[in-house]
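Trainee: Dropping the structure in here first, questions after.
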Amino acid sequence: MEYVKLGKTEERVSRIGLGAWQFSDAWGLTDYERAKEIIKKAYELGITLIDTAMVYGMGMSERFIGQALRDLQIKRDEVFIVTKIPGEYLNRDDVFRAVRGSLSRLQSDHIDALLAHWPPAWHNYPTCEYAKAFEALVRMGKVRYIGLSNFPIALVEEFRSCLAKHDIEIFEIRYNIVERRAEEEHIPYAEANGITVLAWSPLAQGAVLGKYRPEDVSKLQDVRRGNPLFRPENYSQIAKLVEAMKEIAEKRGKTLSQVALNFIMMASPVVVPIPGAKSPQQVEENAGAAGWSLTYEEWSRLDEISRSLRISYVTIPD
């Protein structure tokens, strides 16, 4: 496994992380023993960064991670845990209460990185209120680093202006070979300001893996049923990209997931994909995206096809 510097710190994290949203009803992986196997495989492969959130499975994901680390006798300082606090919890009092809950579920005395999961759009909490609460947690030793997930750059700037001593080290944003809006603002901003980008949904929830025929998509029973990428008008476009990815994968002896992850890793050294996994085999496959690179010609071919896609998120019929 390769390792990269986290933000402006001296911390080193794995080039690929393990996303843990799948430990929830949303994805259907609610068996602790299976979750433990996945975490064990990630650890064995040198994946040190685990990403979770308070709302994943209403705490299930954090509980599984904390218990697995204990059962597997993995030392706390051998993994880097990122968790996220939802927008509706971002008033000052709830920030501290929510973090107490996370620490308990994770069976830890600290969180490596605490991220605001999304802006408090429904409650309109002042940005400086939660920014200062985050910074207080760092001063108290309960949080080591802070970051933002799914925040527009204007709010990022406002958040940073509220901090007295510390700075954000992590952006977490949707980024994959199909959905590349992050390249317009967030990745350049991260490069200019020494921020690590954790790419969530780096495999587009499996839409780029060619696993499903169009007629099978409607039968999906998890969170993907509501993902616009799987609607016929979008999925048929993505199929063209998948065919090109298959040719490259076969030529290079790689899998589609490895090609898809490698593509976004080549976009910038600050990008760290955090794919989920529902089996130890998927963890091993995802880890295999590190340690090699697409050629310029391969990357350019995929880039051209990807940029030609016109994905629509409109769900109301015309």
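Labels for the structure tokens follow display order: chains A, B, ..., residues from 1 in each chain, ligands from 1.
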Please provide as a PyMOL selection string all residues within 7 Å of Leu241 of chain A, with the sequence filter that same-chain residues fewer than 5 positions apart are discarded (counting only C-alpha atoms).
Mentor: chain A and resi 302+305-306
Trainee: Extract, using only C-alpha atoms, all DNA, RNA and protein residues at most 9 Å from Arg63 of chain A, discarding same-chain residues fewer than 2 positions from it, and format them as a compact mmCIF listing (two decimals) with all heavy atoms, in the first residue's frame.
Mentor:
# COMPACT_ATOMS: atom_id res chain seq x y z
N GLY A 59 -25.46 5.09 13.98
CA GLY A 59 -24.42 4.71 14.93
C GLY A 59 -23.88 3.31 14.73
O GLY A 59 -22.83 2.96 15.30
N MET A 60 -24.55 2.50 13.93
CA MET A 60 -24.10 1.11 13.73
C MET A 60 -22.68 1.05 13.17
O MET A 60 -21.85 0.25 13.63
CB MET A 60 -25.04 0.38 12.78
CG MET A 60 -24.65 -1.07 12.51
SD MET A 60 -25.68 -1.86 11.23
CE MET A 60 -27.28 -1.84 12.04
N SER A 61 -22.38 1.88 12.19
CA SER A 61 -21.07 1.85 11.56
C SER A 61 -19.97 2.15 12.59
O SER A 61 -18.96 1.45 12.66
CB SER A 61 -21.02 2.85 10.41
OG SER A 61 -19.74 2.87 9.82
N ILE A 65 -17.02 -0.50 13.96
CA ILE A 65 -15.59 -0.18 13.85
C ILE A 65 -14.92 -0.26 15.22
O ILE A 65 -13.87 -0.89 15.38
CB ILE A 65 -15.40 1.22 13.23
CG1 ILE A 65 -15.83 1.21 11.76
CG2 ILE A 65 -13.94 1.68 13.35
CD1 ILE A 65 -16.00 2.59 11.17
N GLY A 66 -15.52 0.37 16.21
CA GLY A 66 -14.94 0.34 17.54
C GLY A 66 -14.81 -1.06 18.10
O GLY A 66 -13.76 -1.44 18.66
N GLN A 67 -15.84 -1.88 17.93
CA GLN A 67 -15.80 -3.24 18.44
C GLN A 67 -14.81 -4.10 17.67
O GLN A 67 -14.09 -4.92 18.26
CB GLN A 67 -17.19 -3.87 18.39
CG GLN A 67 -17.31 -5.19 19.15
CD GLN A 67 -17.01 -5.03 20.63
OE1 GLN A 67 -17.51 -4.11 21.27
NE2 GLN A 67 -16.19 -5.92 21.17
N ALA A 68 -14.75 -3.92 16.35
CA ALA A 68 -13.82 -4.71 15.54
C ALA A 68 -12.37 -4.42 15.91
O ALA A 68 -11.55 -5.34 16.01
CB ALA A 68 -14.06 -4.45 14.06
N SER A 102 -20.04 9.55 19.74
CA SER A 102 -19.11 8.91 18.80
C SER A 102 -17.95 8.25 19.53
O SER A 102 -17.55 7.13 19.21
CB SER A 102 -18.56 9.94 17.82
OG SER A 102 -19.38 10.06 16.68
N SER A 104 -17.88 7.08 22.49
CA SER A 104 -18.37 5.88 23.16
C SER A 104 -18.54 4.73 22.17
O SER A 104 -18.11 3.60 22.42
CB SER A 104 -19.70 6.18 23.85
OG SER A 104 -20.26 5.02 24.41
N ARG A 105 -19.17 5.01 21.02
CA ARG A 105 -19.39 3.95 20.03
C ARG A 105 -18.08 3.43 19.45
O ARG A 105 -17.94 2.24 19.18
CB ARG A 105 -20.32 4.46 18.92
CG ARG A 105 -21.75 4.69 19.38
CD ARG A 105 -22.65 5.05 18.22
NE ARG A 105 -22.37 6.36 17.65
CZ ARG A 105 -22.88 7.50 18.10
NH1 ARG A 105 -23.70 7.52 19.14
NH2 ARG A 105 -22.58 8.65 17.51
N LEU A 106 -17.12 4.33 19.25
CA LEU A 106 -15.83 3.95 18.69
C LEU A 106 -14.90 3.34 19.73
O LEU A 106 -13.81 2.87 19.38
CB LEU A 106 -15.16 5.16 18.05
CG LEU A 106 -15.82 5.71 16.77
CD1 LEU A 106 -15.25 7.08 16.42
CD2 LEU A 106 -15.62 4.75 15.60
N GLN A 107 -15.31 3.39 21.00
CA GLN A 107 -14.49 2.88 22.11
C GLN A 107 -13.10 3.52 22.08
O GLN A 107 -12.07 2.84 22.17
CB GLN A 107 -14.40 1.35 22.07
CG GLN A 107 -15.76 0.67 22.13
CD GLN A 107 -15.66 -0.85 22.23
OE1 GLN A 107 -14.85 -1.37 22.99
NE2 GLN A 107 -16.50 -1.55 21.47
Trainee: Tell me which protein, DNA and RNA residues are within 7 Å of segment 200-210 of chain A, counting only C-alpha atoms, leaving out same-chain ones fewer than 5 positions away, and put them as a VMD selection string.
Mentor: chain A and resid 172 to 176 224 229 to 230 238 242 256 to 257 260 to 261 273 to 275
Trainee: Go ahead and dump the residues you just picked, C-alpha atoms, as a PDB file, in the first residue's frame.
Mentor:
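And here's out15.pdb as it stands now:
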ATOM      1  CA  GLU A 172     -14.827  14.967   1.706  1.00  0.00           C
ATOM      2  CA  ILE A 173     -16.735  15.225  -1.543  1.00  0.00           C
ATOM      3  CA  ARG A 174     -18.436  13.083  -4.175  1.00  0.00           C
ATOM      4  CA  TYR A 175     -15.903  12.319  -6.881  1.00  0.00           C
ATOM      5  CA  ASN A 176     -15.652   9.517  -9.398  1.00  0.00           C
ATOM      6  CA  ARG A 224     -28.884   2.719  -5.221  1.00  0.00           C
ATOM      7  CA  LEU A 229     -26.944   7.315 -12.209  1.00  0.00           C
ATOM      8  CA  PHE A 230     -28.921   4.091 -12.491  1.00  0.00           C
ATOM      9  CA  ILE A 238     -22.176   5.182 -18.551  1.00  0.00           C
ATOM     10  CA  VAL A 242     -17.557   0.947 -18.977  1.00  0.00           C
ATOM     11  CA  LEU A 256     -12.915  -2.284 -13.435  1.00  0.00           C
ATOM     12  CA  SER A 257     -12.851  -0.964  -9.876  1.00  0.00           C
ATOM     13  CA  ALA A 260     -11.941   3.566 -11.958  1.00  0.00           C
ATOM     14  CA  LEU A 261     -10.110   4.302  -8.709  1.00  0.00           C
ATOM     15  CA  PRO A 273     -10.605   7.444  -2.567  1.00  0.00           C
ATOM     16  CA  ILE A 274     -12.638   5.842   0.226  1.00  0.00           C
ATOM     17  CA  PRO A 275     -14.550   2.997  -1.470  1.00  0.00           C
TER      18      PRO A 275
END
Trainee: Calculated over only C-alpha atoms, which of the candidates A:Lys84, A:Gly276, A:Tyr313, A:Ala26 has the smallest distance to Arg231 of chain A?
Mentor: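 Looking at the shortest contact to Arg231 of chain A, the residue is A:Tyr313.
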Trainee: Mind checking which residues fall within 12 Å of Ile74 of chain A, counting only C-alpha atoms, ignoring those fewer than 4 positions away in the same chain, and posting them as a PyMOL selection string?
Mentor: chain A and resi 36+39-40+42-44+48+65-70+78-80
Trainee: Just write the chosen residues, C-alpha atoms, as a compact mmCIF listing (two decimals), in the first residue's frame.
Mentor:
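Dumped to selection30.txt:
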# COMPACT_ATOMS: atom_id res chain seq x y z
CA LYS A 36 -15.13 -7.40 11.26
CA ILE A 39 -11.93 -4.34 8.65
CA LYS A 40 -9.45 -7.15 9.31
CA ALA A 42 -8.22 -3.74 5.23
CA TYR A 43 -5.78 -3.71 8.14
CA GLU A 44 -3.82 -6.66 6.72
CA THR A 48 -5.06 2.73 7.68
CA ILE A 65 -15.59 -0.18 13.85
CA GLY A 66 -14.94 0.34 17.54
CA GLN A 67 -15.80 -3.24 18.44
CA ALA A 68 -13.82 -4.71 15.54
CA LEU A 69 -10.67 -2.81 16.48
CA ARG A 70 -11.00 -4.14 20.01
CA GLU A 78 -2.48 2.09 13.88
CA VAL A 79 -5.67 3.35 12.24
CA PHE A 80 -6.88 6.83 11.34
Trainee: From the DSSP assignment of the backbone, select every residue of segment 18-234 of chain A that is alpha helix (DSSP H), and format the answer as a PyMOL selection string.
Mentor: chain A and resi 32-44+60-71+92-106+127-139+153-161+186-193+214-217+232-234
Trainee: Go ahead and save the residues from that selection, with C-alpha atoms, as a PDB file, in the first residue's frame.
Mentor:
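Printed below is part_19.pdb as written:
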ATOM      1  CA  TYR A  32     -21.063  -7.552  12.666  1.00  0.00           C
ATOM      2  CA  GLU A  33     -18.953 -10.634  11.907  1.00  0.00           C
ATOM      3  CA  ARG A  34     -18.865  -9.757   8.207  1.00  0.00           C
ATOM      4  CA  ALA A  35     -17.968  -6.156   9.058  1.00  0.00           C
ATOM      5  CA  LYS A  36     -15.129  -7.401  11.263  1.00  0.00           C
ATOM      6  CA  GLU A  37     -13.783  -9.542   8.406  1.00  0.00           C
ATOM      7  CA  ILE A  38     -13.783  -6.497   6.121  1.00  0.00           C
ATOM      8  CA  ILE A  39     -11.932  -4.340   8.647  1.00  0.00           C
ATOM      9  CA  LYS A  40      -9.446  -7.153   9.307  1.00  0.00           C
ATOM     10  CA  LYS A  41      -8.664  -7.500   5.599  1.00  0.00           C
ATOM     11  CA  ALA A  42      -8.223  -3.740   5.231  1.00  0.00           C
ATOM     12  CA  TYR A  43      -5.781  -3.706   8.140  1.00  0.00           C
ATOM     13  CA  GLU A  44      -3.825  -6.660   6.721  1.00  0.00           C
ATOM     14  CA  MET A  60     -24.097   1.113  13.725  1.00  0.00           C
ATOM     15  CA  SER A  61     -21.066   1.847  11.565  1.00  0.00           C
ATOM     16  CA  GLU A  62     -19.162   3.527  14.397  1.00  0.00           C
ATOM     17  CA  ARG A  63     -20.085   0.723  16.817  1.00  0.00           C
ATOM     18  CA  PHE A  64     -18.910  -1.959  14.381  1.00  0.00           C
ATOM     19  CA  ILE A  65     -15.593  -0.179  13.847  1.00  0.00           C
ATOM     20  CA  GLY A  66     -14.940   0.343  17.542  1.00  0.00           C
ATOM     21  CA  GLN A  67     -15.800  -3.238  18.444  1.00  0.00           C
ATOM     22  CA  ALA A  68     -13.825  -4.713  15.537  1.00  0.00           C
ATOM     23  CA  LEU A  69     -10.671  -2.808  16.477  1.00  0.00           C
ATOM     24  CA  ARG A  70     -11.000  -4.144  20.012  1.00  0.00           C
ATOM     25  CA  ASP A  71     -11.806  -7.727  18.997  1.00  0.00           C
ATOM     26  CA  ARG A  92     -22.635  24.284  19.952  1.00  0.00           C
ATOM     27  CA  ASP A  93     -24.237  22.075  22.615  1.00  0.00           C
ATOM     28  CA  ASP A  94     -25.095  19.279  20.207  1.00  0.00           C
ATOM     29  CA  VAL A  95     -21.569  19.237  18.764  1.00  0.00           C
ATOM     30  CA  PHE A  96     -20.152  18.257  22.155  1.00  0.00           C
ATOM     31  CA  ARG A  97     -22.996  15.835  22.895  1.00  0.00           C
ATOM     32  CA  ALA A  98     -22.671  14.143  19.498  1.00  0.00           C
ATOM     33  CA  VAL A  99     -18.916  13.745  19.868  1.00  0.00           C
ATOM     34  CA  ARG A 100     -19.367  12.109  23.267  1.00  0.00           C
ATOM     35  CA  GLY A 101     -21.618   9.566  21.577  1.00  0.00           C
ATOM     36  CA  SER A 102     -19.110   8.912  18.804  1.00  0.00           C
ATOM     37  CA  LEU A 103     -16.259   8.396  21.256  1.00  0.00           C
ATOM     38  CA  SER A 104     -18.366   5.878  23.156  1.00  0.00           C
ATOM     39  CA  ARG A 105     -19.395   3.946  20.031  1.00  0.00           C
ATOM     40  CA  LEU A 106     -15.833   3.947  18.688  1.00  0.00           C
ATOM     41  CA  THR A 127     -20.817  29.002  10.829  1.00  0.00           C
ATOM     42  CA  CYS A 128     -18.546  30.379  13.538  1.00  0.00           C
ATOM     43  CA  GLU A 129     -20.603  28.629  16.220  1.00  0.00           C
ATOM     44  CA  TYR A 130     -19.664  25.137  15.068  1.00  0.00           C
ATOM     45  CA  ALA A 131     -16.225  26.120  13.781  1.00  0.00           C
ATOM     46  CA  LYS A 132     -15.264  27.317  17.253  1.00  0.00           C
ATOM     47  CA  ALA A 133     -16.770  24.199  18.839  1.00  0.00           C
ATOM     48  CA  PHE A 134     -14.626  22.032  16.515  1.00  0.00           C
ATOM     49  CA  GLU A 135     -11.542  24.005  17.454  1.00  0.00           C
ATOM     50  CA  ALA A 136     -12.344  23.644  21.151  1.00  0.00           C
ATOM     51  CA  LEU A 137     -12.475  19.865  20.697  1.00  0.00           C
ATOM     52  CA  VAL A 138      -8.995  19.967  19.179  1.00  0.00           C
ATOM     53  CA  ARG A 139      -7.685  22.006  22.110  1.00  0.00           C
ATOM     54  CA  ILE A 153     -16.095  26.761  -1.290  1.00  0.00           C
ATOM     55  CA  ALA A 154     -17.813  29.974  -0.124  1.00  0.00           C
ATOM     56  CA  LEU A 155     -18.786  28.258   3.147  1.00  0.00           C
ATOM     57  CA  VAL A 156     -15.343  26.679   3.410  1.00  0.00           C
ATOM     58  CA  GLU A 157     -13.839  30.151   3.353  1.00  0.00           C
ATOM     59  CA  GLU A 158     -16.272  31.376   5.987  1.00  0.00           C
ATOM     60  CA  PHE A 159     -15.527  28.378   8.231  1.00  0.00           C
ATOM     61  CA  ARG A 160     -11.783  28.909   7.939  1.00  0.00           C
ATOM     62  CA  SER A 161     -12.140  32.595   8.788  1.00  0.00           C
ATOM     63  CA  HIS A 186     -12.670  21.764  -4.718  1.00  0.00           C
ATOM     64  CA  ILE A 187      -9.588  19.921  -5.935  1.00  0.00           C
ATOM     65  CA  PRO A 188      -7.768  23.072  -7.136  1.00  0.00           C
ATOM     66  CA  TYR A 189      -8.646  24.783  -3.850  1.00  0.00           C
ATOM     67  CA  ALA A 190      -7.415  21.760  -1.892  1.00  0.00           C
ATOM     68  CA  GLU A 191      -4.133  21.694  -3.819  1.00  0.00           C
ATOM     69  CA  ALA A 192      -3.592  25.409  -3.223  1.00  0.00           C
ATOM     70  CA  ASN A 193      -4.355  25.194   0.498  1.00  0.00           C
ATOM     71  CA  PRO A 214     -30.445  -2.171 -17.508  1.00  0.00           C
ATOM     72  CA  GLU A 215     -33.360  -4.470 -16.700  1.00  0.00           C
ATOM     73  CA  ASP A 216     -31.694  -5.496 -13.418  1.00  0.00           C
ATOM     74  CA  VAL A 217     -31.272  -1.995 -12.048  1.00  0.00           C
ATOM     75  CA  PRO A 232     -31.932   4.361 -18.030  1.00  0.00           C
ATOM     76  CA  GLU A 233     -30.965   7.647 -19.710  1.00  0.00           C
ATOM     77  CA  ASN A 234     -27.873   7.950 -17.521  1.00  0.00           C
TER      78      ASN A 234
END
Trainee: Tell me, in Å to one decimal, how far atom CA of Gly147 of chain A is from atom CA of Thr9 of chain A.
Mentor: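 Answer for the atom CA of Gly147 of chain A to atom CA of Thr9 of chain A separation: 12.9 Å.
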Trainee: Can you check which residues of segment 132-220 of chain A DSSP gives as strand (DSSP E) on the backbone and send them as an MDAnalysis selection string?
Mentor: chainID A and resid 143:149 168:174 196:200
Trainee: Mind pulling up the distance from atom CA of Glu298 of chain A to atom CA of Phe263 of chain A?
Mentor: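 Those two atoms sit 9.3 Å apart.
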Trainee: My list of candidates is A:Glu247, A:Ala290, A:Arg181, A:Val314. Which is closest to Gly226 of chain A when distances are computed with only C-alpha atoms?
Mentor: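 Result for the nearest residue to Gly226 of chain A: A:Val314.
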Trainee: Which one is closest to Gly46 of chain A: A:Glu179, A:Glu185, A:Ser236, A:Ala287? Count only C-alpha atoms.
Mentor: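 Of all the options, A:Ala287 lies closest to Gly46 of chain A.
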Trainee: Excluding Met265 of chain A and residues on its chain fewer than 5 positions from it, collect all residues at most 12 Å away from it, counting only C-alpha atoms, and give them as a ChimeraX atom specification.
Mentor: /A:2,4,15-16,175-177,187,196-199,202,258-260,270-274,289-294,299
Trainee: Write the residues of the preceding selection, restricted to C-alpha atoms, as a PDB file, in the first residue's frame.
Mentor:
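Below you can see again10.pdb, which holds the result:
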ATOM      1  CA  GLU A   2       1.145   3.533  -0.735  1.00  0.00           C
ATOM      2  CA  VAL A   4       0.390  10.028   1.500  1.00  0.00           C
ATOM      3  CA  ARG A  15      -3.519   6.104  -0.505  1.00  0.00           C
ATOM      4  CA  ILE A  16      -6.871   4.320  -0.442  1.00  0.00           C
ATOM      5  CA  TYR A 175     -15.903  12.319  -6.881  1.00  0.00           C
ATOM      6  CA  ASN A 176     -15.652   9.517  -9.398  1.00  0.00           C
ATOM      7  CA  ILE A 177     -14.911   8.927 -13.077  1.00  0.00           C
ATOM      8  CA  ILE A 187      -9.588  19.921  -5.935  1.00  0.00           C
ATOM      9  CA  THR A 196      -6.574  16.224   1.476  1.00  0.00           C
ATOM     10  CA  VAL A 197      -9.639  15.275  -0.596  1.00  0.00           C
ATOM     11  CA  LEU A 198     -11.458  12.131   0.492  1.00  0.00           C
ATOM     12  CA  ALA A 199     -13.463  11.005  -2.535  1.00  0.00           C
ATOM     13  CA  PRO A 202     -15.471   6.802  -5.900  1.00  0.00           C
ATOM     14  CA  GLN A 258      -9.072  -0.685  -9.996  1.00  0.00           C
ATOM     15  CA  VAL A 259      -9.204   1.260 -13.253  1.00  0.00           C
ATOM     16  CA  ALA A 260     -11.941   3.566 -11.958  1.00  0.00           C
ATOM     17  CA  VAL A 270      -4.357  15.100  -2.784  1.00  0.00           C
ATOM     18  CA  VAL A 271      -7.173  12.702  -3.764  1.00  0.00           C
ATOM     19  CA  VAL A 272      -7.695   9.678  -1.481  1.00  0.00           C
ATOM     20  CA  PRO A 273     -10.605   7.444  -2.567  1.00  0.00           C
ATOM     21  CA  ILE A 274     -12.638   5.842   0.226  1.00  0.00           C
ATOM     22  CA  ALA A 289      -5.869   0.266  -7.362  1.00  0.00           C
ATOM     23  CA  ALA A 290      -2.708   1.605  -5.707  1.00  0.00           C
ATOM     24  CA  GLY A 291       0.857   0.916  -6.762  1.00  0.00           C
ATOM     25  CA  TRP A 292       0.452   1.411 -10.528  1.00  0.00           C
ATOM     26  CA  SER A 293      -0.844   4.040 -12.972  1.00  0.00           C
ATOM     27  CA  LEU A 294      -2.821   4.223 -16.158  1.00  0.00           C
ATOM     28  CA  TRP A 299      -6.228   8.095 -19.022  1.00  0.00           C
TER      29      TRP A 299
END
Trainee: Give me, please, the distance in Å between atom CA of Arg307 of chain A and atom CA of Pro269 of chain A, quoted to one decimal.
Mentor: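 Taking atom CA of Arg307 of chain A as the start and atom CA of Pro269 of chain A as the end point, the length is 20.8 Å.
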Trainee: Rank nothing, just name the residue among A:Ala182, A:Val55, A:Ile168, A:Leu90 nearest to Pro152 of chain A, using only C-alpha atoms.
Mentor: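 Counting only C-alpha atoms, the residue closest to Pro152 of chain A is A:Ala182.
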Trainee: Between A:Ile311, A:Tyr125, A:His117, A:Ala267, which residue has the minimum interatomic distance to Glu184 of chain A, considering only C-alpha atoms?
Mentor: A:Ala267
